[in-house]
Number of protein chains: 2
Amino acid sequence: MKKHTIVVHGGAGTILKSEMNEAKEKAYNEGLTAAIDHGYAVLDKGGTAVDAVVSAIQQLEDNPLFNAGKGAVFNAQGGHEMDASIMEGKSREAGAIAAIPNLRNPIVLAKDVMNHSDHVLLIGDGAKEFGELRKAVFENDDYFYDAYRFDQWNKIKDTDSFQLDHTKKEKKYLGTVGAVALDMEGNIAAGTSTGGMTNKKFGRVGDSAIIGSGTYADNRTCAISCTGTGEYFMRGVTAYDVSCLMMYKGLSLQEATAAAIQDHLTQIGGDGGLIAVDVHGNVSMEFNCEGMYRAYRNPKESVVKIYRN
Amino acid sequence: MKKHTIVVHGGAGTILKSEMNEAKEKAYNEGLTAAIDHGYAVLDKGGTAVDAVVSAIQQLEDNPLFNAGKGAVFNAQGGHEMDASIMEGKSREAGAIAAIPNLRNPIVLAKDVMNHSDHVLLIGDGAKEFGELRKAVFENDDYFYDAYRFDQWNKIKDTDSFQLDHTKKEKKYLGTVGAVALDMEGNIAAGTSTGGMTNKKFGRVGDSAIIGSGTYADNRTCAISCTGTGEYFMRGVTAYDVSCLMMYKGLSLQEATAAAIQDHLTQIGGDGGLIAVDVHGNVSMEFNCEGMYRAYRNPKESVVKIYRN
């Protein structure tokens, strides 16, 4: 039997223990645990890596603590627009959506794009129309309303400031959720979902919707989901960079993820991290900032972490 | 003095000499020649690779023969939506736009995203708003009207068919334009622009807007612009694949472009090609279909080609 494994992240950034309280820490730990437990349950029953990724990400999207789905931040118009992507490592098929409003579970629609369209990326009103055909669940604005997020937006809405999440730059948290999984058949998959940047304008799309940048999966190398300052992950093509470092340079998963984040991403000025799994069940959770909400579960252990140490 | 070089493409696909006539062939040759001559003139005066790429692509966007700018195909609503991207090899900065309507020169706005925003990718109405701030030139529908394109769209508009360009599958032409350049300073750049697929729906975005898939540039490896069945270039992350094959596997430009197109793209079922240049002035124009509109110019020669041989 293969060592089936689920790994999740809930974003990375300036996450300091000194600024956390016990109740908040407990809530984050519970949210991450729910995500790995749901994903692991799918795998343990012989489900696919794709279904485990979707199940784990749905848990994070339904949790207001994380910037995706229900917890999506406010854009410049006071609305909520989401990006998500998914990729399967055996066929290397992929699906993604960007700038789609008020969707409950963006990752489910990304999977539908992969499985039920001839396309990889659908955006905006067109993606919404496709979602309606696929009977995707849309929620009204109340569902996404959160006093903290609203206050965060209200403080900067008439400025030119974009925020990846928190208001103070020194407290920045780069909000995205993601999951990667290895199933019992030996296939891997990766998915990513985000509510984007607070007060984002001009239809900005980040790496979470981009195959190769925020998400990538190939059974021959690994499955990756990234989180951080999206523009740098796009310029660095970070997810595919990890895969190429393994495929063309012969690096291990650990060496490849360290090189992609600590060397390549850092050199161009990017902040953030990634989670990755390979077909042997090796796990990497690499980041170059203070913390990353992250967790994994396999038949031997269940691990949840927030800070660097 | 460096060997300054401009390379352009005007799309790839089932382009057969038996289906061409002399007047049409002459028009294509003239369009490609105008593009390399404009790009080369910029380089020859000491201009940057980015400006040469923009100048060459503007020529192709203003020419109704090519599926970009003025020649953009009709989408499912009978309108015109464009995608474009650009990247600079020294800083590895990049800009892109997707699903923006009625823009005269999408490549110019992609450059503005790179130089005048904190973002890499802007889409739809938001990208249009950014374009208005940047005083981008928008044209009314008449500018884009073309009897041939309209007829092409009219035949399939009420069907579920998407067309990359021609109506008959066996005559398919994958319409995109692109340019790569090496300037006298030894810097390289790449750009791509397209009007997308005839009758496209659901806000489909292809590889032409995606850094890493349709466009990539890194002075340490090469500058690349792709054209073809976009979804396969997105899943294969084709442009960055070429760069990684050079960087991590030590292949030459010619070996890397051949592996990316003839092996990797072909293995997953993709059709199309790419143009590439490195800092030594080596040029590659690689494709796996019958033809690709392509041309290059350097201090020694000026070459224009359409068919395989």
# chains A, B, ... in the order shown; residues from 1 in each chain; ligands from 1

call {"tool": "residues_around", "arguments": {"residues": "A:Asp37", "least_positions_apart": "3", "cutoff": "8 Å", "atoms": "only C-alpha atoms", "output": "PyMOL selection string"}}
result
chain A and resi 33-34+40-41+56+297

call {"tool": "interface_residues", "arguments": {"of": "chain A", "to": "chain B", "cutoff": "9 Å", "atoms": "only C-alpha atoms", "output": "VMD selection string"}}
result
chain A and resid 87 91 to 94 99 118 to 130 201 to 206 210 to 213 216 230 to 232 234 to 237 240 to 241 244 to 245 247 to 249 268

call {"tool": "write_last_selection", "arguments": {"atoms": "N, CA and C atoms", "output": "CSV table (one decimal), in the first residue's frame"}}
result
chain,number,residue,atom,x,y,z
A,87,MET,N,-4.8,20.8,-10.6
A,87,MET,CA,-4.1,20.0,-11.6
A,87,MET,C,-3.9,18.6,-11.1
A,91,SER,N,-2.5,12.7,-15.8
A,91,SER,CA,-2.8,13.2,-17.1
A,91,SER,C,-2.3,14.6,-17.4
A,92,ARG,N,-1.8,15.2,-16.3
A,92,ARG,CA,-1.4,16.6,-16.4
A,92,ARG,C,-2.6,17.5,-17.0
A,93,GLU,N,-3.8,17.1,-16.7
A,93,GLU,CA,-4.9,18.0,-17.0
A,93,GLU,C,-5.1,19.0,-15.9
A,94,ALA,N,-5.7,20.2,-16.3
A,94,ALA,CA,-5.8,21.3,-15.3
A,94,ALA,C,-7.0,22.1,-15.6
A,99,ALA,N,-11.3,35.8,-11.1
A,99,ALA,CA,-12.2,37.0,-11.0
A,99,ALA,C,-13.7,36.6,-11.1
A,118,ASP,N,-13.3,22.2,-22.5
A,118,ASP,CA,-12.1,22.0,-23.3
A,118,ASP,C,-11.0,23.0,-23.0
A,119,HIS,N,-11.2,23.8,-21.9
A,119,HIS,CA,-10.4,24.9,-21.6
A,119,HIS,C,-9.6,24.7,-20.3
A,120,VAL,N,-8.6,25.5,-20.0
A,120,VAL,CA,-7.9,25.5,-18.8
A,120,VAL,C,-8.3,26.7,-17.9
A,121,LEU,N,-8.5,27.9,-18.5
A,121,LEU,CA,-8.8,29.0,-17.6
A,121,LEU,C,-10.0,29.8,-18.2
A,122,LEU,N,-11.0,30.0,-17.3
A,122,LEU,CA,-12.2,30.8,-17.6
A,122,LEU,C,-12.2,31.9,-16.6
A,123,ILE,N,-12.6,33.1,-17.1
A,123,ILE,CA,-12.6,34.3,-16.2
A,123,ILE,C,-13.9,35.1,-16.2
A,124,GLY,N,-14.1,35.8,-15.1
A,124,GLY,CA,-15.1,36.8,-15.0
A,124,GLY,C,-16.5,36.3,-15.2
A,125,ASP,N,-17.3,37.2,-16.0
A,125,ASP,CA,-18.7,36.8,-16.2
A,125,ASP,C,-18.9,35.5,-17.0
A,126,GLY,N,-17.9,35.2,-17.9
A,126,GLY,CA,-18.0,34.0,-18.6
A,126,GLY,C,-17.8,32.8,-17.7
A,127,ALA,N,-16.9,32.9,-16.8
A,127,ALA,CA,-16.7,31.8,-15.8
A,127,ALA,C,-18.0,31.6,-14.9
A,128,LYS,N,-18.6,32.8,-14.6
A,128,LYS,CA,-19.9,32.7,-13.8
A,128,LYS,C,-20.9,32.0,-14.6
A,129,GLU,N,-21.0,32.3,-15.9
A,129,GLU,CA,-22.0,31.6,-16.8
A,129,GLU,C,-21.7,30.1,-16.8
A,130,PHE,N,-20.5,29.7,-17.0
A,130,PHE,CA,-20.1,28.3,-16.9
A,130,PHE,C,-20.5,27.7,-15.6
A,201,LYS,N,-7.9,46.3,-7.5
A,201,LYS,CA,-8.6,47.0,-8.6
A,201,LYS,C,-8.1,46.4,-9.9
A,202,PHE,N,-8.7,47.0,-11.0
A,202,PHE,CA,-8.2,46.7,-12.3
A,202,PHE,C,-8.3,45.2,-12.7
A,203,GLY,N,-9.1,44.4,-12.0
A,203,GLY,CA,-9.2,43.0,-12.4
A,203,GLY,C,-7.9,42.3,-12.2
A,204,ARG,N,-7.1,42.6,-11.1
A,204,ARG,CA,-5.8,42.0,-10.9
A,204,ARG,C,-6.0,40.5,-10.6
A,205,VAL,N,-5.3,39.7,-11.3
A,205,VAL,CA,-5.3,38.2,-11.1
A,205,VAL,C,-3.9,37.8,-10.6
A,206,GLY,N,-3.8,37.0,-9.6
A,206,GLY,CA,-2.5,36.6,-9.1
A,206,GLY,C,-2.2,35.1,-9.5
A,210,ILE,N,-3.1,30.5,-11.9
A,210,ILE,CA,-2.2,30.2,-13.0
A,210,ILE,C,-1.4,28.9,-12.8
A,211,ILE,N,-1.7,28.0,-13.7
A,211,ILE,CA,-1.0,26.7,-13.8
A,211,ILE,C,0.4,27.0,-14.1
A,212,GLY,N,1.3,26.4,-13.3
A,212,GLY,CA,2.8,26.7,-13.5
A,212,GLY,C,3.3,27.7,-12.5
A,213,SER,N,2.5,28.6,-12.1
A,213,SER,CA,2.9,29.6,-11.1
A,213,SER,C,2.4,29.3,-9.7
A,216,TYR,N,0.8,23.3,-9.7
A,216,TYR,CA,1.3,22.4,-10.7
A,216,TYR,C,1.4,21.0,-10.2
A,230,GLY,N,1.8,37.2,-5.1
A,230,GLY,CA,1.5,36.4,-6.3
A,230,GLY,C,2.3,36.9,-7.5
A,231,GLU,N,2.6,38.2,-7.7
A,231,GLU,CA,3.3,38.7,-8.9
A,231,GLU,C,4.7,38.0,-9.0
A,232,TYR,N,5.3,37.8,-7.9
A,232,TYR,CA,6.7,37.2,-7.9
A,232,TYR,C,6.6,35.7,-8.3
A,234,MET,N,4.4,34.5,-10.2
A,234,MET,CA,4.1,34.5,-11.7
A,234,MET,C,5.3,34.7,-12.5
A,235,ARG,N,6.1,35.7,-12.1
A,235,ARG,CA,7.4,36.0,-12.8
A,235,ARG,C,8.4,34.9,-12.7
A,236,GLY,N,8.4,34.2,-11.5
A,236,GLY,CA,9.3,33.1,-11.3
A,236,GLY,C,8.8,31.8,-11.7
A,237,VAL,N,7.5,31.7,-12.1
A,237,VAL,CA,6.8,30.5,-12.5
A,237,VAL,C,7.2,29.4,-11.5
A,240,TYR,N,6.1,25.4,-11.4
A,240,TYR,CA,6.8,24.6,-12.4
A,240,TYR,C,8.3,24.6,-12.2
A,241,ASP,N,8.8,25.7,-11.6
A,241,ASP,CA,10.2,25.7,-11.3
A,241,ASP,C,10.6,24.5,-10.5
A,244,CYS,N,10.7,21.4,-12.6
A,244,CYS,CA,11.8,21.3,-13.5
A,244,CYS,C,13.2,21.1,-12.8
A,245,LEU,N,13.3,21.6,-11.6
A,245,LEU,CA,14.5,21.3,-10.8
A,245,LEU,C,14.6,19.9,-10.5
A,247,MET,N,13.0,17.4,-12.4
A,247,MET,CA,13.0,16.6,-13.6
A,247,MET,C,14.4,16.8,-14.4
A,248,TYR,N,14.8,18.1,-14.5
A,248,TYR,CA,16.0,18.3,-15.4
A,248,TYR,C,17.3,18.4,-14.6
A,249,LYS,N,17.2,18.7,-13.3
A,249,LYS,CA,18.5,18.8,-12.5
A,249,LYS,C,18.7,17.7,-11.5
A,268,ILE,N,14.3,37.4,-6.5
A,268,ILE,CA,13.6,38.5,-7.2
A,268,ILE,C,12.7,39.3,-6.3

call {"tool": "atom_distance", "arguments": {"atom1": "atom CA of B:Glu286", "atom2": "atom CA of B:Gly195"}}
result
22.0 Å

call {"tool": "residues_around", "arguments": {"residues": "B:Val108", "least_positions_apart": "3", "cutoff": "8 Å", "atoms": "only C-alpha atoms", "output": "ChimeraX atom specification"}}
result
/B:54,58,105,111-112,136

call {"tool": "select_by_dssp", "arguments": {"residues": "stretch 52-165 of chain A", "states": "strand (DSSP E or B)", "output": "PyMOL selection string"}}
result
chain A and resi 81-88+94-101+103+121-123+138+163

call {"tool": "write_last_selection", "arguments": {"atoms": "N, CA, C and O atoms", "output": "CSV table (one decimal), in the first residue's frame"}}
result
chain,number,residue,atom,x,y,z
A,81,GLU,N,-14.2,38.7,-5.2
A,81,GLU,CA,-13.8,38.0,-6.4
A,81,GLU,C,-12.8,36.9,-6.1
A,81,GLU,O,-11.8,37.2,-5.3
A,82,MET,N,-12.9,35.7,-6.7
A,82,MET,CA,-12.1,34.6,-6.3
A,82,MET,C,-11.3,34.0,-7.5
A,82,MET,O,-11.8,34.1,-8.6
A,83,ASP,N,-10.2,33.5,-7.2
A,83,ASP,CA,-9.4,32.7,-8.2
A,83,ASP,C,-9.1,31.4,-7.6
A,83,ASP,O,-8.9,31.2,-6.4
A,84,ALA,N,-9.0,30.3,-8.5
A,84,ALA,CA,-8.7,29.0,-8.0
A,84,ALA,C,-8.2,28.2,-9.2
A,84,ALA,O,-8.5,28.5,-10.3
A,85,SER,N,-7.4,27.2,-8.9
A,85,SER,CA,-6.9,26.3,-9.9
A,85,SER,C,-6.6,24.9,-9.4
A,85,SER,O,-6.4,24.7,-8.2
A,86,ILE,N,-6.6,23.9,-10.3
A,86,ILE,CA,-6.4,22.5,-9.8
A,86,ILE,C,-5.6,21.8,-11.0
A,86,ILE,O,-5.8,22.1,-12.1
A,87,MET,N,-4.8,20.8,-10.6
A,87,MET,CA,-4.1,20.0,-11.6
A,87,MET,C,-3.9,18.6,-11.1
A,87,MET,O,-3.7,18.4,-10.0
A,88,GLU,N,-4.0,17.7,-12.1
A,88,GLU,CA,-3.9,16.3,-11.8
A,88,GLU,C,-2.6,15.7,-12.4
A,88,GLU,O,-2.3,16.0,-13.5
A,94,ALA,N,-5.7,20.2,-16.3
A,94,ALA,CA,-5.8,21.3,-15.3
A,94,ALA,C,-7.0,22.1,-15.6
A,94,ALA,O,-7.6,22.1,-16.7
A,95,GLY,N,-7.5,22.8,-14.6
A,95,GLY,CA,-8.6,23.8,-14.7
A,95,GLY,C,-8.4,24.9,-13.7
A,95,GLY,O,-7.8,24.8,-12.7
A,96,ALA,N,-8.9,26.1,-14.2
A,96,ALA,CA,-8.7,27.3,-13.3
A,96,ALA,C,-9.8,28.3,-13.6
A,96,ALA,O,-10.4,28.3,-14.7
A,97,ILE,N,-10.1,29.1,-12.6
A,97,ILE,CA,-11.1,30.2,-12.8
A,97,ILE,C,-10.5,31.5,-12.1
A,97,ILE,O,-9.7,31.4,-11.2
A,98,ALA,N,-10.8,32.6,-12.7
A,98,ALA,CA,-10.3,33.9,-12.1
A,98,ALA,C,-11.4,35.0,-12.1
A,98,ALA,O,-12.2,35.0,-13.0
A,99,ALA,N,-11.3,35.8,-11.1
A,99,ALA,CA,-12.2,37.0,-11.0
A,99,ALA,C,-13.7,36.6,-11.1
A,99,ALA,O,-14.4,37.3,-11.8
A,100,ILE,N,-14.0,35.6,-10.4
A,100,ILE,CA,-15.4,35.1,-10.4
A,100,ILE,C,-16.0,35.6,-9.0
A,100,ILE,O,-15.5,35.3,-8.0
A,101,PRO,N,-17.2,36.2,-9.1
A,101,PRO,CA,-17.8,36.8,-7.9
A,101,PRO,C,-18.6,35.8,-7.1
A,101,PRO,O,-19.3,34.9,-7.7
A,103,LEU,N,-18.8,33.1,-5.4
A,103,LEU,CA,-18.8,31.6,-5.5
A,103,LEU,C,-18.5,31.0,-4.2
A,103,LEU,O,-17.6,31.4,-3.5
A,121,LEU,N,-8.5,27.9,-18.5
A,121,LEU,CA,-8.8,29.0,-17.6
A,121,LEU,C,-10.0,29.8,-18.2
A,121,LEU,O,-10.0,30.2,-19.3
A,122,LEU,N,-11.0,30.0,-17.3
A,122,LEU,CA,-12.2,30.8,-17.6
A,122,LEU,C,-12.2,31.9,-16.6
A,122,LEU,O,-11.9,31.7,-15.4
A,123,ILE,N,-12.6,33.1,-17.1
A,123,ILE,CA,-12.6,34.3,-16.2
A,123,ILE,C,-13.9,35.1,-16.2
A,123,ILE,O,-14.7,35.0,-17.1
A,138,PHE,N,-23.7,29.7,-5.7
A,138,PHE,CA,-23.3,31.1,-5.5
A,138,PHE,C,-24.0,31.6,-4.2
A,138,PHE,O,-25.1,31.1,-3.9
A,163,GLN,N,-3.8,45.5,-0.5
A,163,GLN,CA,-3.3,44.8,0.6
A,163,GLN,C,-3.5,43.3,0.4
A,163,GLN,O,-4.5,42.8,-0.1

call {"tool": "atom_distance", "arguments": {"atom1": "atom CA of A:Leu43", "atom2": "atom CA of A:Ile306"}}
result
24.2 Å

call {"tool": "residues_around", "arguments": {"residues": "A:Tyr296", "least_positions_apart": "3", "cutoff": "9 Å", "atoms": "only C-alpha atoms", "output": "PDB file with N, CA, C and O atoms, in the first residue's frame"}}
result
ATOM      1  N   THR A   5      -1.174  10.570   1.441  1.00  0.00           N
ATOM      2  CA  THR A   5      -0.783  11.787   2.158  1.00  0.00           C
ATOM      3  C   THR A   5      -1.587  12.997   1.692  1.00  0.00           C
ATOM      4  O   THR A   5      -1.797  13.171   0.486  1.00  0.00           O
ATOM      5  N   ILE A   6      -2.004  13.824   2.641  1.00  0.00           N
ATOM      6  CA  ILE A   6      -2.613  15.120   2.315  1.00  0.00           C
ATOM      7  C   ILE A   6      -1.799  16.208   3.007  1.00  0.00           C
ATOM      8  O   ILE A   6      -1.354  16.037   4.151  1.00  0.00           O
ATOM      9  N   VAL A   7      -1.566  17.302   2.305  1.00  0.00           N
ATOM     10  CA  VAL A   7      -0.846  18.463   2.857  1.00  0.00           C
ATOM     11  C   VAL A   7      -1.685  19.698   2.532  1.00  0.00           C
ATOM     12  O   VAL A   7      -2.210  19.797   1.422  1.00  0.00           O
ATOM     13  N   VAL A   8      -1.820  20.607   3.485  1.00  0.00           N
ATOM     14  CA  VAL A   8      -2.576  21.842   3.215  1.00  0.00           C
ATOM     15  C   VAL A   8      -1.791  23.073   3.694  1.00  0.00           C
ATOM     16  O   VAL A   8      -0.925  22.975   4.556  1.00  0.00           O
ATOM     17  N   HIS A   9      -2.123  24.220   3.101  1.00  0.00           N
ATOM     18  CA  HIS A   9      -1.656  25.493   3.667  1.00  0.00           C
ATOM     19  C   HIS A   9      -2.832  26.463   3.714  1.00  0.00           C
ATOM     20  O   HIS A   9      -3.804  26.304   2.980  1.00  0.00           O
ATOM     21  N   LEU A  32      -7.137  23.960  10.226  1.00  0.00           N
ATOM     22  CA  LEU A  32      -6.161  23.174   9.461  1.00  0.00           C
ATOM     23  C   LEU A  32      -6.374  21.680   9.683  1.00  0.00           C
ATOM     24  O   LEU A  32      -6.281  20.871   8.746  1.00  0.00           O
ATOM     25  N   THR A  33      -6.685  21.309  10.937  1.00  0.00           N
ATOM     26  CA  THR A  33      -6.930  19.895  11.257  1.00  0.00           C
ATOM     27  C   THR A  33      -8.160  19.373  10.510  1.00  0.00           C
ATOM     28  O   THR A  33      -8.141  18.268   9.942  1.00  0.00           O
ATOM     29  N   ILE A  36      -7.084  18.678   6.828  1.00  0.00           N
ATOM     30  CA  ILE A  36      -6.328  17.442   6.578  1.00  0.00           C
ATOM     31  C   ILE A  36      -7.177  16.208   6.885  1.00  0.00           C
ATOM     32  O   ILE A  36      -7.084  15.196   6.189  1.00  0.00           O
ATOM     33  N   VAL A 283       7.113  14.937   1.822  1.00  0.00           N
ATOM     34  CA  VAL A 283       6.372  16.191   1.989  1.00  0.00           C
ATOM     35  C   VAL A 283       7.355  17.336   2.182  1.00  0.00           C
ATOM     36  O   VAL A 283       8.355  17.200   2.884  1.00  0.00           O
ATOM     37  N   GLU A 301       1.416   9.864  10.762  1.00  0.00           N
ATOM     38  CA  GLU A 301       1.353  11.053  11.626  1.00  0.00           C
ATOM     39  C   GLU A 301       0.425  12.138  11.091  1.00  0.00           C
ATOM     40  O   GLU A 301       0.053  12.152   9.921  1.00  0.00           O
ATOM     41  N   SER A 302       0.088  13.027  12.012  1.00  0.00           N
ATOM     42  CA  SER A 302      -0.751  14.180  11.715  1.00  0.00           C
ATOM     43  C   SER A 302      -0.058  15.386  12.346  1.00  0.00           C
ATOM     44  O   SER A 302       0.161  15.408  13.555  1.00  0.00           O
ATOM     45  N   VAL A 303       0.329  16.352  11.520  1.00  0.00           N
ATOM     46  CA  VAL A 303       1.146  17.481  11.994  1.00  0.00           C
ATOM     47  C   VAL A 303       0.492  18.805  11.602  1.00  0.00           C
ATOM     48  O   VAL A 303       0.084  18.969  10.451  1.00  0.00           O
ATOM     49  N   VAL A 304       0.378  19.723  12.565  1.00  0.00           N
ATOM     50  CA  VAL A 304      -0.155  21.063  12.292  1.00  0.00           C
ATOM     51  C   VAL A 304       0.846  22.094  12.801  1.00  0.00           C
ATOM     52  O   VAL A 304       1.308  22.000  13.940  1.00  0.00           O
TER      53      VAL A 304
END

call {"tool": "residues_around", "arguments": {"residues": "A:Gln59", "least_positions_apart": "2", "cutoff": "8 Å", "atoms": "only C-alpha atoms", "output": "PyMOL selection string"}}
result
chain A and resi 31+34-35+38+55-57+61-63

call {"tool": "closest_residue", "arguments": {"among": "A:Val73, A:Tyr28, A:Gly13, A:Ala181", "to": "A:Val50", "atoms": "only C-alpha atoms"}}
result
A:Ala181
